[in-house]
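> Structure file protein.cif (mmCIF, C-alpha atoms and all ligand atoms) right here:
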```cif
data_work
loop_
_atom_site.group_PDB
_atom_site.id
_atom_site.type_symbol
_atom_site.label_atom_id
_atom_site.label_comp_id
_atom_site.auth_asym_id
_atom_site.auth_seq_id
_atom_site.Cartn_x
_atom_site.Cartn_y
_atom_site.Cartn_z
ATOM 1 C CA MET A 135 109.562 103.880 91.965
ATOM 2 C CA PRO A 136 108.501 101.386 94.691
ATOM 3 C CA ILE A 137 109.933 101.977 98.169
ATOM 4 C CA PHE A 138 111.405 98.877 99.831
ATOM 5 C CA GLU A 139 110.329 99.066 103.445
ATOM 6 C CA THR A 140 113.491 97.475 104.826
ATOM 7 C CA GLN A 141 112.377 98.584 108.265
ATOM 8 C CA GLU A 142 109.637 95.901 108.132
ATOM 9 C CA GLU A 143 112.112 93.030 107.639
ATOM 10 C CA THR A 144 113.067 90.723 110.489
ATOM 11 C CA PRO A 145 116.557 91.514 111.742
ATOM 12 C CA LYS A 146 119.246 88.851 112.016
ATOM 13 C CA ILE A 147 119.645 89.593 115.736
ATOM 14 C CA ARG A 148 116.209 89.642 117.326
ATOM 15 C CA GLU A 149 116.412 92.038 120.270
ATOM 16 C CA ARG A 150 113.737 94.524 121.399
ATOM 17 C CA LEU A 151 114.958 98.118 121.604
ATOM 18 C CA HIS A 152 113.227 100.406 124.130
ATOM 19 C CA ARG A 153 114.272 103.772 122.657
ATOM 20 C CA VAL A 154 114.863 104.409 118.929
ATOM 21 C CA GLY A 155 114.281 107.731 117.178
ATOM 22 C CA ILE A 156 115.487 111.266 116.609
ATOM 23 C CA THR A 157 117.644 113.402 118.892
ATOM 24 C CA ASN A 158 119.176 116.908 118.688
ATOM 25 C CA LEU A 159 116.303 118.041 116.434
ATOM 26 C CA ARG A 160 116.057 121.840 116.498
ATOM 27 C CA THR A 161 112.774 123.547 115.625
ATOM 28 C CA VAL A 162 110.352 126.227 116.833
ATOM 29 C CA ALA A 163 107.519 125.814 119.338
ATOM 30 C CA LYS A 164 104.781 128.239 120.321
ATOM 31 C CA ILE A 165 103.331 127.826 123.806
ATOM 32 C CA ASN A 166 100.358 129.677 125.252
ATOM 33 C CA TRP A 167 101.887 130.214 128.696
ATOM 34 C CA LYS A 168 99.246 131.725 131.064
ATOM 35 C CA GLY A 169 97.365 133.332 128.161
ATOM 36 C CA LYS A 170 100.432 134.828 126.446
ATOM 37 C CA VAL A 171 101.973 133.104 123.390
ATOM 38 C CA TYR A 172 105.736 132.544 123.694
ATOM 39 C CA THR A 173 108.025 131.285 120.922
ATOM 40 C CA PHE A 174 110.658 128.751 121.979
ATOM 41 C CA LEU A 175 113.589 127.327 119.974
ATOM 42 C CA PRO A 176 113.725 123.921 121.649
ATOM 43 C CA ILE A 177 115.841 120.838 120.962
ATOM 44 C CA PHE A 178 113.695 117.710 120.658
ATOM 45 C CA GLU A 179 114.344 114.049 121.296
ATOM 46 C CA ILE A 180 111.561 111.642 120.307
ATOM 47 C CA THR A 181 111.777 107.848 120.593
ATOM 48 C CA ILE A 182 109.606 104.744 120.337
ATOM 49 C CA ASP A 183 110.266 101.096 121.084
ATOM 50 C CA VAL A 184 111.136 98.611 118.288
ATOM 51 C CA PRO A 185 109.910 95.003 118.705
ATOM 52 C CA GLU A 186 112.438 92.213 118.207
ATOM 53 C CA GLU A 187 110.905 91.175 114.885
ATOM 54 C CA LYS A 188 111.264 94.596 113.223
ATOM 55 C CA LYS A 189 114.546 95.794 111.649
ATOM 56 C CA GLY A 190 113.863 99.496 112.062
ATOM 57 C CA ILE A 191 111.377 102.307 112.496
ATOM 58 C CA HIS A 192 109.990 104.742 109.917
ATOM 59 C CA MET A 193 111.986 107.691 111.232
ATOM 60 C CA SER A 194 110.342 110.389 109.115
ATOM 61 C CA ARG A 195 107.008 109.715 110.846
ATOM 62 C CA LEU A 196 108.505 110.857 114.160
ATOM 63 C CA VAL A 197 109.601 114.135 112.556
ATOM 64 C CA GLU A 198 106.147 114.488 110.946
ATOM 65 C CA SER A 199 104.536 114.147 114.399
ATOM 66 C CA ILE A 200 106.597 117.080 115.660
ATOM 67 C CA THR A 201 106.187 119.317 112.608
ATOM 68 C CA GLU A 202 102.426 118.647 112.367
ATOM 69 C CA ALA A 203 101.975 119.416 116.069
ATOM 70 C CA MET A 204 103.871 122.670 115.448
ATOM 71 C CA SER A 205 101.886 123.683 112.368
ATOM 72 C CA GLU A 206 98.595 122.787 114.116
ATOM 73 C CA ALA A 207 99.709 125.187 116.844
ATOM 74 C CA VAL A 208 100.676 127.936 114.398
ATOM 75 C CA GLU A 209 97.489 127.496 112.307
ATOM 76 C CA GLU A 210 95.136 127.384 115.258
ATOM 77 C CA GLU A 211 96.933 130.376 116.741
ATOM 78 C CA VAL A 212 97.911 128.396 119.882
ATOM 79 C CA LEU A 213 94.994 129.518 121.992
ATOM 80 C CA GLU A 214 94.155 126.143 123.421
ATOM 81 C CA ALA A 215 96.621 123.760 121.729
ATOM 82 C CA HIS A 216 99.639 123.788 124.012
ATOM 83 C CA THR A 217 99.429 125.436 127.389
ATOM 84 C CA SER A 218 102.699 123.897 128.516
ATOM 85 C CA LEU A 219 105.749 122.119 127.162
ATOM 86 C CA GLU A 220 104.442 118.844 128.632
ATOM 87 C CA GLU A 221 101.083 119.315 126.855
ATOM 88 C CA LEU A 222 103.004 119.809 123.598
ATOM 89 C CA GLY A 223 104.987 116.617 124.302
ATOM 90 C CA LYS A 224 101.814 114.602 124.926
ATOM 91 C CA CYS A 225 100.174 116.054 121.784
ATOM 92 C CA ILE A 226 103.183 114.868 119.728
ATOM 93 C CA ILE A 227 102.895 111.342 121.175
ATOM 94 C CA LYS A 228 99.139 111.341 120.409
ATOM 95 C CA ARG A 229 99.910 112.276 116.776
ATOM 96 C CA LEU A 230 102.559 109.553 116.587
ATOM 97 C CA GLU A 231 100.004 106.945 117.707
ATOM 98 C CA GLY A 232 98.186 107.476 114.419
ATOM 99 C CA LYS A 233 101.392 107.272 112.373
ATOM 100 C CA HIS A 234 103.631 104.549 113.708
ATOM 101 C CA PRO A 235 102.774 101.433 115.725
ATOM 102 C CA HIS A 236 104.621 101.356 119.037
ATOM 103 C CA LYS A 237 104.053 100.391 122.669
ATOM 104 C CA ARG A 238 106.298 102.930 124.429
ATOM 105 C CA ALA A 239 107.184 106.513 123.444
ATOM 106 C CA GLU A 240 109.163 109.445 124.842
ATOM 107 C CA VAL A 241 109.346 113.092 123.851
ATOM 108 C CA TRP A 242 112.016 115.331 125.443
ATOM 109 C CA ILE A 243 111.986 119.116 124.950
ATOM 110 C CA LYS A 244 115.063 121.093 126.006
ATOM 111 C CA THR A 245 114.817 124.881 125.946
ATOM 112 C CA GLN A 246 115.244 128.084 127.972
ATOM 113 C CA LEU A 247 112.633 130.007 129.936
ATOM 114 C CA VAL A 248 113.341 133.747 130.218
ATOM 115 C CA ILE A 249 111.590 135.123 133.311
ATOM 116 C CA PRO A 250 111.319 138.859 134.130
ATOM 117 C CA ARG A 251 112.690 139.622 137.629
ATOM 118 C CA GLU A 252 113.082 142.775 139.716
ATOM 119 C CA THR A 253 116.633 143.674 140.817
ATOM 120 C CA PRO A 254 117.002 143.635 144.636
ATOM 121 C CA ALA A 255 117.524 147.359 145.355
ATOM 122 C CA SER A 256 116.762 149.574 142.334
ATOM 123 C CA LYS A 257 113.764 147.318 141.468
ATOM 124 C CA ARG A 258 114.722 147.518 137.764
ATOM 125 C CA LEU A 259 113.394 144.909 135.332
ATOM 126 C CA SER A 260 115.918 142.167 134.506
ATOM 127 C CA TYR A 261 115.296 139.198 132.153
ATOM 128 C CA GLU A 262 116.739 135.992 133.653
ATOM 129 C CA PRO A 263 117.366 132.860 131.515
ATOM 130 C CA TYR A 264 116.905 129.356 132.931
ATOM 131 C CA ASP A 265 117.625 126.023 131.223
ATOM 132 C CA VAL A 266 114.611 123.714 131.385
ATOM 133 C CA GLU A 267 113.907 120.218 130.060
ATOM 134 C CA VAL A 268 110.558 118.442 129.912
ATOM 135 C CA GLY A 269 110.225 114.706 129.230
ATOM 136 C CA VAL A 270 106.840 113.081 128.503
ATOM 137 C CA ILE A 271 106.910 109.270 128.721
ATOM 138 C CA LYS A 272 104.173 106.878 127.600
ATOM 139 C CA ASN A 273 104.966 103.621 129.416
ATOM 140 C CA TYR A 274 104.322 100.107 128.078
ATOM 141 C CA ASP A 275 101.138 100.000 130.182
ATOM 142 C CA GLY A 276 99.845 103.125 128.413
ATOM 143 C CA SER A 277 100.266 105.359 131.492
ATOM 144 C CA PHE A 278 101.792 108.824 130.990
ATOM 145 C CA GLU A 279 104.424 110.298 133.297
ATOM 146 C CA LYS A 280 106.556 113.424 133.016
ATOM 147 C CA VAL A 281 110.051 114.445 134.061
ATOM 148 C CA LEU A 282 110.632 118.152 134.661
ATOM 149 C CA ARG A 283 114.180 119.542 135.002
ATOM 150 C CA VAL A 284 115.364 123.069 135.754
ATOM 151 C CA LYS A 285 118.944 124.385 135.977
ATOM 152 C CA VAL A 286 119.509 127.632 137.935
ATOM 153 C CA ILE A 287 122.702 129.693 138.401
ATOM 154 C CA GLY A 288 123.155 131.224 141.870
ATOM 155 C CA ASN A 289 126.097 131.740 144.213
ATOM 156 C CA THR A 290 127.566 130.461 147.482
ATOM 157 C CA ALA A 291 129.615 132.289 150.126
ATOM 158 C CA CYS A 292 131.696 129.782 152.132
ATOM 159 C CA PRO A 293 130.739 129.667 155.849
ATOM 160 C CA HIS A 294 133.927 127.783 156.815
ATOM 161 C CA ALA A 295 136.336 130.386 155.388
ATOM 162 C CA MET A 296 134.097 133.137 156.840
ATOM 163 C CA ALA A 297 134.361 131.638 160.364
ATOM 164 C CA ASN A 298 138.152 131.386 160.072
ATOM 165 C CA ASN A 299 138.947 134.749 158.451
ATOM 166 C CA ASN A 300 137.042 137.387 160.474
ATOM 167 C CA GLY A 301 134.189 137.470 158.044
ATOM 168 C CA LYS A 302 136.231 137.352 154.834
ATOM 169 C CA THR A 303 135.395 134.377 152.593
ATOM 170 C CA HIS A 304 135.533 132.917 149.092
ATOM 171 C CA ILE A 305 132.438 133.263 146.924
ATOM 172 C CA GLN A 306 131.578 131.418 143.734
ATOM 173 C CA ARG A 307 128.884 130.781 141.213
ATOM 174 C CA ALA A 308 126.906 127.568 141.783
ATOM 175 C CA VAL A 309 124.535 125.635 139.519
ATOM 176 C CA GLY A 310 121.480 123.979 141.058
ATOM 177 C CA GLU A 311 119.593 121.266 139.139
ATOM 178 C CA LEU A 312 116.187 120.054 140.288
ATOM 179 C CA GLU A 313 114.324 117.127 138.652
ATOM 180 C CA VAL A 314 110.771 116.053 139.524
ATOM 181 C CA ARG A 315 109.364 112.814 138.041
ATOM 182 C CA ALA A 316 105.564 112.588 138.476
ATOM 183 C CA PRO A 317 102.338 111.249 136.910
ATOM 184 C CA PHE A 318 101.464 113.405 133.871
ATOM 185 C CA ASN A 319 98.481 115.164 135.476
ATOM 186 C CA GLU A 320 100.397 116.358 138.544
ATOM 187 C CA GLU A 321 100.429 120.185 138.517
ATOM 188 C CA ILE A 322 104.138 121.186 138.739
ATOM 189 C CA PRO A 323 104.884 124.643 137.273
ATOM 190 C CA LEU A 324 108.472 124.952 135.989
ATOM 191 C CA GLU A 325 108.653 128.506 137.362
ATOM 192 C CA ASP A 326 107.879 127.192 140.889
ATOM 193 C CA MET A 327 110.709 124.657 140.539
ATOM 194 C CA ILE A 328 113.020 127.515 139.473
ATOM 195 C CA ASP A 329 111.971 129.575 142.529
ATOM 196 C CA VAL A 330 112.722 126.619 144.863
ATOM 197 C CA VAL A 331 116.297 126.371 143.534
ATOM 198 C CA GLU A 332 116.946 130.118 143.190
ATOM 199 C CA SER A 333 115.822 130.835 146.792
ATOM 200 C CA SER A 334 118.231 128.222 148.223
ATOM 201 C CA PHE A 335 121.568 129.827 147.233
ATOM 202 C CA SER A 336 123.488 132.404 149.285
ATOM 203 C CA HIS A 337 121.901 134.848 146.825
ATOM 204 C CA PRO A 338 120.315 134.840 143.345
ATOM 205 C CA THR A 339 122.315 136.226 140.393
ATOM 206 C CA TYR A 340 121.029 138.872 137.964
ATOM 207 C CA THR A 341 121.685 139.930 134.389
ATOM 208 C CA LEU A 342 121.177 143.618 135.238
ATOM 209 C CA LEU A 343 122.839 145.006 138.424
ATOM 210 C CA LYS A 344 123.065 148.750 139.168
ATOM 211 C CA THR A 345 125.613 149.597 141.915
ATOM 212 C CA VAL A 346 122.888 149.644 144.599
ATOM 213 C CA ASP A 347 121.790 146.181 143.404
ATOM 214 C CA GLU A 348 125.371 144.877 143.437
ATOM 215 C CA ASN A 349 125.709 146.124 147.031
ATOM 216 C CA ALA A 350 122.503 144.292 147.978
ATOM 217 C CA VAL A 351 123.783 141.041 146.417
ATOM 218 C CA VAL A 352 127.192 141.350 148.167
ATOM 219 C CA GLN A 353 125.554 142.106 151.536
ATOM 220 C CA GLY A 354 123.017 139.336 150.979
ATOM 221 C CA MET A 355 125.656 136.697 150.137
ATOM 222 C CA HIS A 356 127.719 137.523 153.241
ATOM 223 C CA ALA A 357 124.606 137.420 155.425
ATOM 224 C CA ASN A 358 123.707 133.975 154.044
ATOM 225 C CA PRO A 359 126.861 131.813 153.753
ATOM 226 C CA LYS A 360 126.158 128.295 152.447
ATOM 227 C CA PHE A 361 128.094 125.098 151.797
ATOM 228 C CA VAL A 362 127.189 123.267 148.599
ATOM 229 C CA GLU A 363 125.587 120.726 150.969
ATOM 230 C CA ASP A 364 123.385 123.430 152.520
ATOM 231 C CA VAL A 365 122.057 124.458 149.098
ATOM 232 C CA ALA A 366 121.286 120.839 148.138
ATOM 233 C CA ARG A 367 119.524 120.147 151.476
ATOM 234 C CA GLU A 368 117.418 123.331 151.187
ATOM 235 C CA VAL A 369 116.358 122.660 147.575
ATOM 236 C CA PHE A 370 115.504 119.052 148.488
ATOM 237 C CA SER A 371 113.397 119.895 151.570
ATOM 238 C CA LYS A 372 111.492 122.707 149.792
ATOM 239 C CA ALA A 373 110.890 120.526 146.710
ATOM 240 C CA LYS A 374 109.589 117.606 148.833
ATOM 241 C CA GLU A 375 107.158 119.988 150.501
ATOM 242 C CA ARG A 376 105.892 121.619 147.307
ATOM 243 C CA PHE A 377 105.913 118.921 144.638
ATOM 244 C CA LYS A 378 104.387 115.423 144.591
ATOM 245 C CA GLY A 379 106.808 113.145 142.772
ATOM 246 C CA LYS A 380 110.323 111.642 142.760
ATOM 247 C CA ILE A 381 112.789 114.419 143.556
ATOM 248 C CA HIS A 382 116.437 114.545 142.412
ATOM 249 C CA VAL A 383 118.728 117.447 143.375
ATOM 250 C CA ARG A 384 122.314 118.114 142.216
ATOM 251 C CA VAL A 385 124.316 121.228 143.056
ATOM 252 C CA ILE A 386 127.770 122.007 141.662
ATOM 253 C CA SER A 387 129.727 124.944 143.056
ATOM 254 C CA ASN A 388 132.429 126.318 140.703
ATOM 255 C CA GLU A 389 134.920 126.937 143.538
ATOM 256 C CA SER A 390 136.859 130.218 143.202
ATOM 257 C CA ILE A 391 139.815 128.835 145.252
ATOM 258 C CA HIS A 392 140.249 125.508 143.398
ATOM 259 C CA LYS A 393 140.776 124.420 139.857
ATOM 260 C CA HIS A 394 137.982 121.905 140.471
ATOM 261 C CA ASP A 395 134.312 122.144 141.493
ATOM 262 C CA VAL A 396 132.457 120.604 144.457
ATOM 263 C CA ILE A 397 129.192 118.683 144.194
ATOM 264 C CA ALA A 398 126.281 117.705 146.445
ATOM 265 C CA GLU A 399 123.476 115.399 145.246
ATOM 266 C CA THR A 400 120.493 113.663 146.758
ATOM 267 C CA TRP A 401 117.193 112.059 145.739
ATOM 268 C CA SER A 402 113.983 110.546 147.141
HETATM 269 N N1 LIG A 501 115.124 103.005 111.117
HETATM 270 C C1 LIG A 501 116.107 103.780 110.643
HETATM 271 N N2 LIG A 501 115.812 104.770 109.730
HETATM 272 C C2 LIG A 501 116.839 105.545 109.309
HETATM 273 C C3 LIG A 501 118.162 105.370 109.753
HETATM 274 N N3 LIG A 501 118.937 106.290 109.131
HETATM 275 C C4 LIG A 501 118.128 107.047 108.360
HETATM 276 N N4 LIG A 501 116.845 106.596 108.473
HETATM 277 C C5 LIG A 501 115.637 107.240 107.941
HETATM 278 O O1 LIG A 501 114.800 106.554 107.078
HETATM 279 C C6 LIG A 501 113.795 107.538 106.723
HETATM 280 C C7 LIG A 501 113.056 107.161 105.475
HETATM 281 O O2 LIG A 501 112.240 106.012 105.813
HETATM 282 P P1 LIG A 501 110.729 106.300 106.208
HETATM 283 O O3 LIG A 501 110.624 107.233 107.334
HETATM 284 O O4 LIG A 501 110.046 104.973 106.379
HETATM 285 O O5 LIG A 501 110.170 107.048 104.915
HETATM 286 P P2 LIG A 501 108.988 106.559 103.963
HETATM 287 O O6 LIG A 501 108.966 105.084 103.881
HETATM 288 O O7 LIG A 501 109.136 107.321 102.714
HETATM 289 O O8 LIG A 501 107.718 107.104 104.728
HETATM 290 P P3 LIG A 501 106.516 106.211 105.286
HETATM 291 O O9 LIG A 501 105.652 105.926 104.107
HETATM 292 O O10 LIG A 501 105.832 107.085 106.285
HETATM 293 O O11 LIG A 501 107.098 104.957 105.877
HETATM 294 C C8 LIG A 501 114.554 108.844 106.578
HETATM 295 O O12 LIG A 501 113.902 109.834 107.365
HETATM 296 C C9 LIG A 501 115.934 108.515 107.182
HETATM 297 O O13 LIG A 501 116.351 109.526 108.093
HETATM 298 C C10 LIG A 501 118.425 104.332 110.698
HETATM 299 O O14 LIG A 501 119.557 104.102 111.124
HETATM 300 N N5 LIG A 501 117.381 103.567 111.127
HETATM 301 FE FE FE A 502 108.746 103.849 105.465
#
```
What does this structure look like when you write it as structure tokens?

Amino acid sequence: MPIFETQEETPKIRERLHRVGITNLRTVAKINWKGKVYTFLPIFEITIDVPEEKKGIHMSRLVESITEAMSEAVEEEVLEAHTSLEELGKCIIKRLEGKHPHKRAEVWIKTQLVIPRETPASKRLSYEPYDVEVGVIKNYDGSFEKVLRVKVIGNTACPHAMANNNGKTHIQRAVGELEVRAPFNEEIPLEDMIDVVESSFSHPTYTLLKTVDENAVVQGMHANPKFVEDVAREVFSKAKERFKGKIHVRVISNESIHKHDVIAETWS
């Protein structure tokens, strides 16, 4: 049964589209992260451009590029294939080049990193989850850039209430987001980006807290009161110092005394 390649027809309305493809695709990815193989369950978005004279793209070829990159990893036991999420993204685009003509491509990988941490007082092991997103973009000129995003949950103790209530204050969880956009070969470890955000709150949060650890967090928060603006400024200045690229910071504090949140955002 012949297949009619309707995608190859010329559309009635001739407009170029910069991003067409697959989003919300869930699959598995194995990454050799510093010599240890980790399994991720990421959500992928993969797009290419469509020229004005083409009606559509051959969607299945984008999925093939992802699944083949995965199986290549699994078969070759991921010892050299993908040493980072961005390497995996670039490998998928390289596979796509052999499958589907295009000028511009993007692969976005959204997942969680779980990093072992020590609790502040009892020094127990606690596994801390962080949302991360890696975008690999092949521009029309063939250059590759990447966008790295981390989202970290910390807390803020309000300095204003503390100054006006003999040391008593309101404390809330806060979410810090840091994005760095840089040329592909720039060395920017996601875990360093996470450290920059996590060290800028009144205090980090932990999954495991024994009473002695809880005491340390409470003491630490009160000793380090921060506005949402203070957290954003600190993340921004540390990120500018440590990472070469375009920096974007956004901090939202889930205020414990309001039914709304407060936000602070800045970028280079
Ligand atoms: N361009 C386009 N494709 C769609 C759309 N909706 C579904 N499809 C996809 O069309 C795909 C099938 O077309 P192709 O990918 O070209 O499959 P094929 O022609 O058998 O495979 P090739 O020989 O590699 O071209 C399926 O994966 C569908 O998901 C849409 O809105 N636009
Ligand atoms: Fe096709």
> What are the closest atom pairs, with distances in Å to one decimal, for each residue of segment 261-326 of chain A lying within 12 Å of segment 333-354 of chain A, using all atoms listed in the file, rows by chain and rising residue number, as a tab-separated table?

```
residue	atom	partner	partner_atom	distance
A:Tyr261	CA	A:Thr341	CA	6.8
A:Glu262	CA	A:Thr341	CA	6.4
A:Pro263	CA	A:Thr341	CA	8.8
A:Tyr264	CA	A:Thr339	CA	11.5
A:Val286	CA	A:Pro338	CA	9.0
A:Ile287	CA	A:Thr339	CA	6.8
A:Gly288	CA	A:Pro338	CA	4.8
A:Asn289	CA	A:Ser336	CA	5.7
A:Thr290	CA	A:Ser336	CA	4.9
A:Ala291	CA	A:Ser336	CA	6.2
A:Cys292	CA	A:Ser336	CA	9.1
A:Pro293	CA	A:Ser336	CA	10.2
A:Gly301	CA	A:Gln353	CA	11.8
A:Lys302	CA	A:Val352	CA	11.9
A:Thr303	CA	A:Val352	CA	11.6
A:His304	CA	A:Val352	CA	11.9
A:Ile305	CA	A:Ser336	CA	9.3
A:Gln306	CA	A:Ser336	CA	9.9
A:Arg307	CA	A:Thr339	CA	8.6
A:Ala308	CA	A:Phe335	CA	8.0
A:Val309	CA	A:Phe335	CA	9.3
A:Gly310	CA	A:Phe335	CA	8.5
A:Glu311	CA	A:Ser334	CA	11.5
A:Leu312	CA	A:Ser334	CA	11.6
A:Asp326	CA	A:Ser333	CA	10.5
```
> Could you spell out the hits of the PyMOL selection byres (((chain A and resi 233) around 12) and not hetatm) on the shown file, as a ChimeraX atom specification?
/A:182,191-200,202,226-232,234-236
> Check which residues satisfy the PyMOL selection byres (((chain A and resi 164) around 7) and not hetatm) in the file shown, then give them as a count of residues only.
10
> Mind pulling up the distance from atom CA of Ile328 of chain A to atom CA of Leu219 of chain A?
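Calculated distance between atom CA of Leu219 of chain A and atom CA of Ile328 of chain A is 15.3 Å.
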> Write out as a ChimeraX atom specification which residues come within 9 Å of Glu368 of chain A when counting all atoms listed in the file, dropping same-chain ones fewer than 2 positions away.
/A:330-331,333-335,363-366,370-373
> Just give me the gap between atom CA of His382 of chain A and atom CA of Glu399 of chain A in Å, one decimal is fine.
7.6 Å
> Restricting the calculation to only C-alpha atoms: of A:Trp167, A:Trp401, A:Phe377, A:Phe178, which residue gets closest to Pro317 of chain A?
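Residue with the minimum atom-to-atom distance to Pro317 of chain A: A:Phe377.
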> Apply the PyMOL selection byres (((chain A and resi 269) around 7) and not hetatm) to the structure shown and report the selected residues as a PyMOL selection string.
chain A and resi 240-243+267-268+270-271+280-282
> Enclose the full set of atoms of segment 179-192 of chain A listed in the file within a box whose edges lie along x, y and z, apply 5 Å of padding to each of the six sides, and report centre and edge lengths in Å to one decimal as lines of an AutoDock Vina configuration file.

```
center_x = 112.1
center_y = 102.6
center_z = 115.6
size_x = 14.9
size_y = 32.9
size_z = 21.4
```
> Separation of atom CA of Glu279 of chain A and atom CA of Asp329 of chain A, in Å?
22.7 Å
> So which one's closest to Ser205 of chain A, A:Phe278, A:Glu187, A:Leu175, A:Thr161? Using all atoms listed in the file, please.
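Smallest separation from Ser205 of chain A among the options: A:Thr161.
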> Taking all atoms listed in the file into account, which of A:Val184, A:Lys189, A:Lys170, A:Arg283 comes nearest Thr217 of chain A?
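Distance minimum relative to Thr217 of chain A lands on A:Lys170.
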> Which residue, A:Gly190, A:Pro176, A:Pro136, A:Pro185, has the smallest gap to ligand LIG 501 (chain A) when you use all atoms listed in the file?
A:Gly190
> Here is a test: counting all atoms listed in the file, which residue of A:Lys272, A:Arg150, A:Arg160, A:Gln246 is nearest to Cys225 of chain A?
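Between A:Lys272, A:Arg150, A:Arg160, A:Gln246, the residue approaching Cys225 of chain A most closely is A:Lys272.
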> Point out the residue among A:His356, A:Arg251, A:Lys188, A:His394 with the least atom-to-atom distance to ligand LIG 501 (chain A), counting all atoms listed in the file.
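Among the listed residues, the smallest separation from ligand LIG 501 (chain A) belongs to A:Lys188.
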